[in-house]
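Text of the file model-v6.pdb, holding PDB, C-alpha atoms:
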```pdb
ATOM      1  CA  GLY X   1      52.776 -39.497  43.869
ATOM      2  CA  LEU X   2      52.839 -41.401  47.137
ATOM      3  CA  ASN X   3      49.542 -43.183  46.498
ATOM      4  CA  SER X   4      50.703 -44.419  43.095
ATOM      5  CA  THR X   5      53.961 -45.716  44.525
ATOM      6  CA  TYR X   6      52.160 -47.450  47.392
ATOM      7  CA  LEU X   7      49.635 -49.147  45.077
ATOM      8  CA  ALA X   8      52.384 -50.207  42.672
ATOM      9  CA  GLN X   9      54.225 -51.934  45.512
ATOM     10  CA  LYS X  10      51.076 -53.475  46.955
ATOM     11  CA  TYR X  11      49.970 -55.011  43.643
ATOM     12  CA  LYS X  12      53.500 -55.801  42.459
ATOM     13  CA  PHE X  13      53.659 -53.457  39.482
ATOM     14  CA  LYS X  14      57.068 -53.587  37.811
ATOM     15  CA  PHE X  15      57.178 -49.889  37.018
ATOM     16  CA  VAL X  16      55.534 -46.672  38.184
ATOM     17  CA  THR X  17      55.836 -43.154  36.803
ATOM     18  CA  THR X  18      54.022 -39.827  36.733
ATOM     19  CA  ASN X  19      55.157 -39.201  33.160
ATOM     20  CA  ILE X  20      52.225 -40.195  30.938
ATOM     21  CA  GLN X  21      54.146 -39.826  27.705
ATOM     22  CA  GLU X  22      56.773 -42.256  28.967
ATOM     23  CA  ILE X  23      54.106 -44.968  29.112
ATOM     24  CA  ILE X  24      52.573 -44.091  25.739
ATOM     25  CA  ASN X  25      55.971 -44.089  24.005
ATOM     26  CA  ASP X  26      57.052 -47.436  25.500
ATOM     27  CA  ASP X  27      57.009 -50.065  22.727
ATOM     28  CA  LEU X  28      56.680 -52.841  25.298
ATOM     29  CA  VAL X  29      53.331 -51.433  26.421
ATOM     30  CA  LYS X  30      50.598 -52.833  24.162
ATOM     31  CA  ASN X  31      47.502 -52.107  26.249
ATOM     32  CA  ILE X  32      46.673 -48.900  28.113
ATOM     33  CA  ILE X  33      44.001 -48.521  30.779
ATOM     34  CA  ILE X  34      42.706 -44.975  31.229
ATOM     35  CA  SER X  35      41.004 -44.359  34.573
ATOM     36  CA  THR X  36      41.696 -40.651  35.019
ATOM     37  CA  ARG X  37      39.128 -37.875  35.401
ATOM     38  CA  HIS X  38      36.886 -37.415  32.407
ATOM     39  CA  ASP X  39      38.416 -34.262  30.963
ATOM     40  CA  SER X  40      41.664 -36.102  30.126
ATOM     41  CA  HIS X  41      40.102 -39.145  28.431
ATOM     42  CA  ALA X  42      40.005 -37.799  24.880
ATOM     43  CA  GLU X  43      43.604 -36.540  24.880
ATOM     44  CA  LEU X  44      44.950 -39.803  26.282
ATOM     45  CA  ILE X  45      42.849 -41.880  23.869
ATOM     46  CA  ILE X  46      44.114 -39.928  20.861
ATOM     47  CA  LYS X  47      47.769 -40.066  21.913
ATOM     48  CA  SER X  48      47.547 -43.781  22.684
ATOM     49  CA  LEU X  49      45.756 -44.699  19.472
ATOM     50  CA  GLU X  50      48.316 -42.806  17.442
ATOM     51  CA  LYS X  51      50.989 -45.003  19.028
ATOM     52  CA  GLY X  52      49.124 -48.180  18.084
ATOM     53  CA  LYS X  53      47.927 -49.135  21.582
ATOM     54  CA  ASN X  54      44.827 -51.048  22.604
ATOM     55  CA  ILE X  55      42.778 -48.952  25.000
ATOM     56  CA  PHE X  56      40.397 -49.701  27.840
ATOM     57  CA  VAL X  57      38.951 -46.416  29.057
ATOM     58  CA  GLU X  58      36.718 -46.079  32.081
ATOM     59  CA  LYS X  59      33.661 -44.206  30.814
ATOM     60  CA  PRO X  60      32.961 -41.769  29.251
ATOM     61  CA  LEU X  61      34.681 -41.693  25.873
ATOM     62  CA  CYS X  62      34.922 -37.888  25.880
ATOM     63  CA  LEU X  63      33.059 -34.739  26.940
ATOM     64  CA  ASN X  64      32.241 -32.753  23.809
ATOM     65  CA  ARG X  65      31.704 -32.901  20.064
ATOM     66  CA  GLU X  66      35.161 -31.559  19.177
ATOM     67  CA  GLU X  67      36.882 -34.325  21.128
ATOM     68  CA  PHE X  68      34.508 -36.913  19.685
ATOM     69  CA  ASN X  69      35.231 -35.887  16.095
ATOM     70  CA  LYS X  70      38.986 -36.071  16.675
ATOM     71  CA  ILE X  71      38.701 -39.597  18.066
ATOM     72  CA  LYS X  72      36.556 -40.754  15.140
ATOM     73  CA  GLU X  73      39.087 -39.401  12.647
ATOM     74  CA  ILE X  74      41.759 -41.824  13.847
ATOM     75  CA  LYS X  75      41.874 -45.009  11.809
ATOM     76  CA  LEU X  76      42.112 -48.077  14.026
ATOM     77  CA  ASP X  77      44.882 -50.396  12.799
ATOM     78  CA  ASN X  78      43.776 -53.728  14.308
ATOM     79  CA  GLN X  79      43.442 -51.880  17.610
ATOM     80  CA  ILE X  80      40.768 -52.114  20.270
ATOM     81  CA  LEU X  81      39.142 -49.028  21.755
ATOM     82  CA  MET X  82      36.815 -50.248  24.484
ATOM     83  CA  ILE X  83      34.773 -48.366  27.059
ATOM     84  CA  GLY X  84      34.145 -49.874  30.481
ATOM     85  CA  PHE X  85      30.439 -50.470  29.889
ATOM     86  CA  ASN X  86      30.495 -53.369  32.310
ATOM     87  CA  ARG X  87      26.767 -53.872  32.837
ATOM     88  CA  ARG X  88      26.308 -55.609  29.496
ATOM     89  CA  PHE X  89      28.732 -58.271  30.804
ATOM     90  CA  SER X  90      26.755 -58.972  33.990
ATOM     91  CA  PRO X  91      25.669 -62.634  34.296
ATOM     92  CA  LEU X  92      22.038 -61.635  34.850
ATOM     93  CA  ILE X  93      22.089 -59.328  31.838
ATOM     94  CA  LYS X  94      23.441 -62.181  29.713
ATOM     95  CA  GLN X  95      20.546 -64.365  30.868
ATOM     96  CA  LEU X  96      18.094 -61.571  30.116
ATOM     97  CA  LYS X  97      19.631 -61.044  26.682
ATOM     98  CA  ASN X  98      19.182 -64.744  25.868
ATOM     99  CA  GLU X  99      15.528 -64.611  26.894
ATOM    100  CA  LEU X 100      14.830 -61.467  24.861
ATOM    101  CA  GLU X 101      16.394 -62.962  21.743
ATOM    102  CA  LYS X 102      13.689 -65.642  21.813
ATOM    103  CA  LEU X 103      10.984 -62.953  21.585
ATOM    104  CA  ASN X 104      10.946 -61.381  18.149
ATOM    105  CA  SER X 105       9.041 -58.186  18.954
ATOM    106  CA  PRO X 106       9.702 -54.616  20.195
ATOM    107  CA  LYS X 107      10.567 -54.150  23.828
ATOM    108  CA  SER X 108       9.662 -51.545  26.450
ATOM    109  CA  PHE X 109      12.370 -50.664  28.978
ATOM    110  CA  ILE X 110      12.122 -48.864  32.301
ATOM    111  CA  TYR X 111      15.489 -48.337  33.974
ATOM    112  CA  THR X 112      15.429 -46.592  37.355
ATOM    113  CA  ILE X 113      18.641 -45.444  39.024
ATOM    114  CA  ASN X 114      18.439 -44.278  42.632
ATOM    115  CA  ALA X 115      21.744 -42.384  42.697
ATOM    116  CA  GLU X 116      23.441 -40.492  45.491
ATOM    117  CA  LYS X 117      23.330 -36.708  45.252
ATOM    118  CA  LEU X 118      26.784 -35.139  45.032
ATOM    119  CA  GLU X 119      28.075 -31.936  46.543
ATOM    120  CA  LYS X 120      27.564 -28.948  44.265
ATOM    121  CA  ASP X 121      31.312 -28.465  43.872
ATOM    122  CA  HIS X 122      31.997 -32.137  43.080
ATOM    123  CA  TRP X 123      34.261 -32.485  40.029
ATOM    124  CA  LEU X 124      31.747 -34.684  38.225
ATOM    125  CA  ASN X 125      29.284 -31.773  38.159
ATOM    126  CA  ASP X 126      31.849 -29.482  36.554
ATOM    127  CA  PRO X 127      31.008 -29.430  32.805
ATOM    128  CA  ASN X 128      34.671 -28.963  31.916
ATOM    129  CA  ILE X 129      36.028 -31.777  34.118
ATOM    130  CA  GLY X 130      33.317 -34.342  34.757
ATOM    131  CA  GLY X 131      30.782 -33.351  32.125
ATOM    132  CA  GLY X 132      27.803 -33.911  34.416
ATOM    133  CA  ARG X 133      26.084 -37.128  35.324
ATOM    134  CA  LEU X 134      24.356 -37.678  32.000
ATOM    135  CA  ILE X 135      27.675 -37.835  30.151
ATOM    136  CA  GLY X 136      29.711 -39.182  33.076
ATOM    137  CA  GLU X 137      27.370 -41.927  34.280
ATOM    138  CA  GLY X 138      24.247 -41.975  32.127
ATOM    139  CA  CYS X 139      26.269 -43.473  29.277
ATOM    140  CA  HIS X 140      26.295 -46.784  31.193
ATOM    141  CA  PHE X 141      22.535 -47.092  31.030
ATOM    142  CA  VAL X 142      22.112 -45.882  27.454
ATOM    143  CA  ASP X 143      24.645 -48.490  26.351
ATOM    144  CA  LEU X 144      22.866 -51.241  28.273
ATOM    145  CA  LEU X 145      19.485 -50.527  26.668
ATOM    146  CA  ARG X 146      21.181 -50.311  23.255
ATOM    147  CA  PHE X 147      22.719 -53.732  23.923
ATOM    148  CA  LEU X 148      19.456 -55.334  25.030
ATOM    149  CA  ALA X 149      17.389 -53.787  22.245
ATOM    150  CA  SER X 150      19.826 -55.083  19.589
ATOM    151  CA  SER X 151      18.738 -52.128  17.504
ATOM    152  CA  LYS X 152      20.134 -48.698  16.663
ATOM    153  CA  ILE X 153      18.938 -45.631  18.548
ATOM    154  CA  LYS X 154      16.533 -43.587  16.428
ATOM    155  CA  LYS X 155      15.636 -40.833  18.889
ATOM    156  CA  PHE X 156      17.124 -39.668  22.178
ATOM    157  CA  GLU X 157      15.640 -36.935  24.386
ATOM    158  CA  VAL X 158      16.538 -35.725  27.862
ATOM    159  CA  ASP X 159      14.665 -33.626  30.398
ATOM    160  CA  ASN X 160      15.656 -32.635  33.926
ATOM    161  CA  ILE X 161      13.732 -31.801  37.049
ATOM    162  CA  LYS X 162      12.248 -28.317  37.030
ATOM    163  CA  GLY X 163      14.402 -25.703  38.724
ATOM    164  CA  GLU X 164      17.738 -27.469  38.323
ATOM    165  CA  LYS X 165      20.622 -25.828  36.499
ATOM    166  CA  LEU X 166      22.256 -26.858  33.230
ATOM    167  CA  ILE X 167      24.319 -29.679  34.741
ATOM    168  CA  SER X 168      21.474 -31.575  36.357
ATOM    169  CA  GLU X 169      21.804 -34.593  38.616
ATOM    170  CA  THR X 170      18.181 -35.683  38.216
ATOM    171  CA  PHE X 171      16.915 -36.383  34.725
ATOM    172  CA  ILE X 172      14.843 -38.604  32.467
ATOM    173  CA  ALA X 173      16.148 -39.895  29.134
ATOM    174  CA  GLN X 174      13.678 -41.261  26.593
ATOM    175  CA  ILE X 175      14.912 -43.516  23.804
ATOM    176  CA  THR X 176      13.267 -44.813  20.644
ATOM    177  CA  PHE X 177      14.971 -47.619  18.720
ATOM    178  CA  GLU X 178      14.769 -48.368  15.008
ATOM    179  CA  ASP X 179      12.979 -51.680  15.603
ATOM    180  CA  GLY X 180      10.161 -49.901  17.457
ATOM    181  CA  SER X 181      11.440 -50.589  20.978
ATOM    182  CA  ILE X 182      11.193 -47.750  23.507
ATOM    183  CA  GLY X 183      12.973 -47.044  26.765
ATOM    184  CA  THR X 184      12.982 -44.635  29.679
ATOM    185  CA  ILE X 185      15.986 -44.063  31.909
ATOM    186  CA  ASN X 186      15.061 -42.485  35.242
ATOM    187  CA  TYR X 187      18.221 -41.122  36.846
ATOM    188  CA  PHE X 188      17.126 -39.704  40.195
ATOM    189  CA  THR X 189      19.206 -38.206  42.999
ATOM    190  CA  ASN X 190      16.262 -36.946  45.047
ATOM    191  CA  GLY X 191      15.333 -40.306  46.556
ATOM    192  CA  ASN X 192      16.564 -42.325  49.523
ATOM    193  CA  LYS X 193      19.486 -44.732  49.896
ATOM    194  CA  ASN X 194      17.242 -47.303  51.606
ATOM    195  CA  PHE X 195      15.721 -48.080  48.195
ATOM    196  CA  GLN X 196      17.552 -50.309  45.719
ATOM    197  CA  LYS X 197      20.094 -48.483  43.585
ATOM    198  CA  GLU X 198      19.252 -49.942  40.159
ATOM    199  CA  ARG X 199      16.138 -51.621  38.812
ATOM    200  CA  LEU X 200      15.598 -52.627  35.197
ATOM    201  CA  GLU X 201      12.214 -53.729  33.853
ATOM    202  CA  VAL X 202      11.536 -55.059  30.363
ATOM    203  CA  PHE X 203       8.059 -55.661  28.915
ATOM    204  CA  CYS X 204       7.886 -57.820  25.776
ATOM    205  CA  SER X 205       5.462 -60.322  24.163
ATOM    206  CA  GLY X 206       3.499 -61.044  27.325
ATOM    207  CA  TYR X 207       6.620 -61.303  29.472
ATOM    208  CA  ILE X 208       7.927 -58.990  32.173
ATOM    209  CA  PHE X 209      11.580 -59.228  33.165
ATOM    210  CA  GLN X 210      12.920 -57.414  36.210
ATOM    211  CA  ILE X 211      16.505 -57.155  37.427
ATOM    212  CA  ASN X 212      16.954 -55.822  40.944
ATOM    213  CA  ASN X 213      20.362 -54.430  41.883
ATOM    214  CA  PHE X 214      22.080 -57.025  39.684
ATOM    215  CA  ARG X 215      21.354 -59.707  42.259
ATOM    216  CA  GLU X 216      18.008 -61.058  41.091
ATOM    217  CA  LEU X 217      16.251 -61.668  37.778
ATOM    218  CA  ASN X 218      12.468 -62.144  37.869
ATOM    219  CA  ILE X 219      10.714 -63.551  34.805
ATOM    220  CA  ILE X 220       6.917 -63.182  34.813
ATOM    221  CA  ASN X 221       4.480 -64.558  32.226
ATOM    222  CA  SER X 222       0.985 -66.032  32.180
ATOM    223  CA  PHE X 223       2.249 -69.395  33.376
ATOM    224  CA  LYS X 224       4.490 -68.678  36.329
ATOM    225  CA  GLU X 225       7.010 -66.367  37.952
ATOM    226  CA  ASN X 226      10.603 -67.550  37.818
ATOM    227  CA  LYS X 227      13.250 -66.000  40.031
ATOM    228  CA  LYS X 228      16.974 -66.381  39.498
ATOM    229  CA  ARG X 229      19.271 -65.111  42.229
ATOM    230  CA  ILE X 230      23.036 -64.877  42.573
ATOM    231  CA  ARG X 231      24.971 -64.810  45.828
ATOM    232  CA  LYS X 232      26.360 -61.327  45.475
ATOM    233  CA  GLN X 233      25.841 -58.356  43.248
ATOM    234  CA  ASP X 234      27.646 -58.650  39.919
ATOM    235  CA  LYS X 235      27.585 -55.666  37.556
ATOM    236  CA  GLY X 236      30.040 -57.369  35.221
ATOM    237  CA  GLN X 237      33.203 -55.404  36.068
ATOM    238  CA  ASP X 238      35.490 -58.441  36.201
ATOM    239  CA  LEU X 239      34.003 -60.051  33.088
ATOM    240  CA  CYS X 240      34.273 -56.760  31.202
ATOM    241  CA  ALA X 241      37.985 -56.407  31.986
ATOM    242  CA  GLU X 242      38.569 -60.096  31.243
ATOM    243  CA  ALA X 243      36.887 -59.769  27.835
ATOM    244  CA  PHE X 244      39.212 -56.894  26.939
ATOM    245  CA  LEU X 245      42.323 -58.813  27.968
ATOM    246  CA  ILE X 246      41.295 -61.952  26.067
ATOM    247  CA  ALA X 247      40.522 -59.932  22.948
ATOM    248  CA  THR X 248      43.913 -58.214  23.005
ATOM    249  CA  LYS X 249      45.763 -61.456  23.699
ATOM    250  CA  GLU X 250      44.025 -63.477  20.993
ATOM    251  CA  ASN X 251      43.654 -60.642  18.467
ATOM    252  CA  ASN X 252      39.873 -60.868  18.614
ATOM    253  CA  PRO X 253      37.464 -58.050  17.712
ATOM    254  CA  SER X 254      36.532 -55.620  20.455
ATOM    255  CA  PRO X 255      34.021 -57.112  22.934
ATOM    256  CA  ILE X 256      31.978 -53.925  22.402
ATOM    257  CA  PRO X 257      31.672 -52.946  18.722
ATOM    258  CA  ILE X 258      33.191 -49.522  18.124
ATOM    259  CA  ASP X 259      30.120 -48.513  16.102
ATOM    260  CA  GLU X 260      27.942 -48.976  19.186
ATOM    261  CA  ILE X 261      30.361 -46.997  21.356
ATOM    262  CA  PHE X 262      30.309 -44.120  18.849
ATOM    263  CA  GLU X 263      26.524 -44.340  18.478
ATOM    264  CA  VAL X 264      25.909 -44.018  22.216
ATOM    265  CA  GLN X 265      28.385 -41.137  22.531
ATOM    266  CA  ASP X 266      26.828 -39.305  19.569
ATOM    267  CA  LYS X 267      23.306 -39.542  21.021
ATOM    268  CA  LEU X 268      24.480 -38.405  24.457
ATOM    269  CA  LEU X 269      26.189 -35.332  23.026
ATOM    270  CA  LYS X 270      23.117 -34.447  20.972
ATOM    271  CA  GLY X 271      20.958 -34.860  24.052
ATOM    272  CA  VAL X 272      23.217 -32.596  26.102
ATOM    273  CA  ASN X 273      23.328 -29.934  23.360
ATOM    274  CA  LEU X 274      19.548 -29.903  22.964
ATOM    275  CA  TRP X 275      19.150 -29.744  26.728
ATOM    276  CA  ALA X 276      21.618 -26.838  26.937
ATOM    277  CA  ASN X 277      19.848 -24.906  24.186
ATOM    278  CA  VAL X 278      16.470 -25.279  25.889
ATOM    279  CA  VAL X 279      17.878 -24.131  29.237
ATOM    280  CA  PHE X 280      19.635 -21.152  27.612
ATOM    281  CA  LEU X 281      16.492 -20.141  25.712
ATOM    282  CA  ALA X 282      14.430 -20.321  28.888
ATOM    283  CA  TRP X 283      17.005 -18.166  30.685
ATOM    284  CA  VAL X 284      16.910 -15.538  27.915
ATOM    285  CA  ILE X 285      13.100 -15.406  27.913
ATOM    286  CA  LEU X 286      12.891 -15.090  31.682
ATOM    287  CA  ASP X 287      15.764 -12.687  32.055
ATOM    288  CA  TYR X 288      14.991 -10.396  29.106
ATOM    289  CA  PRO X 289      12.160  -8.382  30.786
ATOM    290  CA  GLN X 290      14.417  -7.756  33.782
ATOM    291  CA  GLN X 291      17.121  -6.365  31.515
ATOM    292  CA  GLN X 292      14.582  -3.973  29.981
TER
END
```
Structure translated into structure tokens:
Amino acid sequence: GLNSTYLAQKYKFKFVTTNIQEIINDDLVKNIIISTRHDSHAELIIKSLEKGKNIFVEKPLCLNREEFNKIKEIKLDNQILMIGFNRRFSPLIKQLKNELEKLNSPKSFIYTINAEKLEKDHWLNDPNIGGGRLIGEGCHFVDLLRFLASSKIKKFEVDNIKGEKLISETFIAQITFEDGSIGTINYFTNGNKNFQKERLEVFCSGYIFQINNFRELNIINSFKENKKRIRKQDKGQDLCAEAFLIATKENNPSPIPIDEIFEVQDKLLKGVNLWANVVFLAWVILDYPQQQ
């Protein structure tokens, strides 16, 4: 396509093609970055892994259980399969992680996302292409809480705003971790853009930590309030990509353990399935008298 050719020239790519298989089959290509629409992720991951490539895939891993099982069946031969969960690489998150590791007790998380509402026909809201915003974007926030909790997810439940259809843009996810930590992810699209887009609060051992839009970290305890600011917002995108490249170059383990990637994906799919079953059951109950 014209856009691909233009970008290749602009950023001095040596080669450009619209033939995906040509890239996957090229022995000189060791690392593959997948940034296509969500419905193609699983197929490209499987084909690339089978050819021995390292993979960086822009979230999500896949859209359904069948795809997930196929990916898990592939044995990784010193390969890296990494998802672009960049927030765990943010400088402020790293500082927060260091502080939390000093406090040996369960944590309470409140993560509020003030997201933009999409058009009804947007591809992300198509369950067969984008998978909806829980799968397509919510995975970011589930992974981040999993990272900060340093504990496996024990329970994961999702509920959406009353009256919305199966693929909801406004939902709450509640998480319980094995160490006793709890978390709530508020993903709201019915707010206002004048409010900050992301706010994370952590309550633990007499401390309250708050990250505002990845520009400021507030630490509050009984002694004082400490604020740490950075010049510009940093959600960790550059550091995430850099970590992948260093790992592939130096043959290091994946910057994000594959077990954690699979754990987050498994819980998301279970949450979506439970959500779908509840919505379907409600539809049957409400619609049945009309059919009679």
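Contact shell of stretch 149-159 of chain X at 6 Å (all atoms listed in the file; same-chain neighbours under 4 positions omitted): X:Leu145, X:Phe171, X:Ile172, X:Ala173, X:Gln174, X:Ile175, X:Thr176, X:Phe177, X:Glu178, X:Gly271.
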Counting only C-alpha atoms, the residue among X:Ser205, X:Glu169, X:Gln21, X:Val272 that lies closest to X:His122 is X:Glu169
Can you spell out as an NGL selection string the set of residues that the PyMOL selection byres ((chain X and resi 212-222) around 8) selects in the structure I just provided? :X and (90 or 92 or 96 or 196-200 or 206-211 or 223-235)
Please report as a tab-separated table every residue of stretch 91-132 of chain X lying within 8 Å of stretch 53-76 of chain X, along with the nearest atom pair and their distance in Å (one decimal), using all atoms listed in the file.
```
residue	atom	partner	partner_atom	distance
X:Asn128	CA	X:Leu63	CA	7.8
X:Gly130	CA	X:Leu63	CA	7.8
X:Gly131	CA	X:Leu63	CA	5.8
```
Since we have the selection now, will you write its residues out, keeping C-alpha atoms, as an mmCIF file, in the coordinates of the input?
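Heads up, here's the output in selection38.cif:
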```cif
data_model
loop_
_atom_site.group_PDB
_atom_site.id
_atom_site.type_symbol
_atom_site.label_atom_id
_atom_site.label_comp_id
_atom_site.auth_asym_id
_atom_site.auth_seq_id
_atom_site.Cartn_x
_atom_site.Cartn_y
_atom_site.Cartn_z
ATOM 1 C CA ASN X 128 34.671 -28.963 31.916
ATOM 2 C CA GLY X 130 33.317 -34.342 34.757
ATOM 3 C CA GLY X 131 30.782 -33.351 32.125
#
```
Please enclose the listed atoms of stretch 129-146 of chain X in an axis-aligned box, pad each side by 4 Å, and write out the centre and the three edge lengths in Å, rounded to one decimal, as lines of an AutoDock Vina configuration file.
```
center_x = 27.8
center_y = -41.5
center_z = 29.3
size_x = 24.5
size_y = 27.5
size_z = 20.1
```
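Counting all atoms listed in the file and comparing X:Asp126, X:Glu242, X:Asp143, X:Glu201, the residue that lies closest to X:Val264 is X:Asp143.
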Using all atoms listed in the file, the shortest atom-to-atom distance to X:Phe141 among X:Arg88, X:Lys94, X:Lys10, X:Lys117 belongs to X:Arg88
Q) In Å, with one decimal, what is the gap from atom CA of X:Ile20 to atom CA of X:Leu49? A)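 One can read the atom CA of X:Ile20 to atom CA of X:Leu49 distance as 13.9 Å.
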For this session: Work out how far apart atom CA of X:Phe147 and atom CA of X:Leu134 are and give it in Å to one decimal.
Result: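 Separating atom CA of X:Phe147 from atom CA of X:Leu134 is a distance of 18.0 Å.
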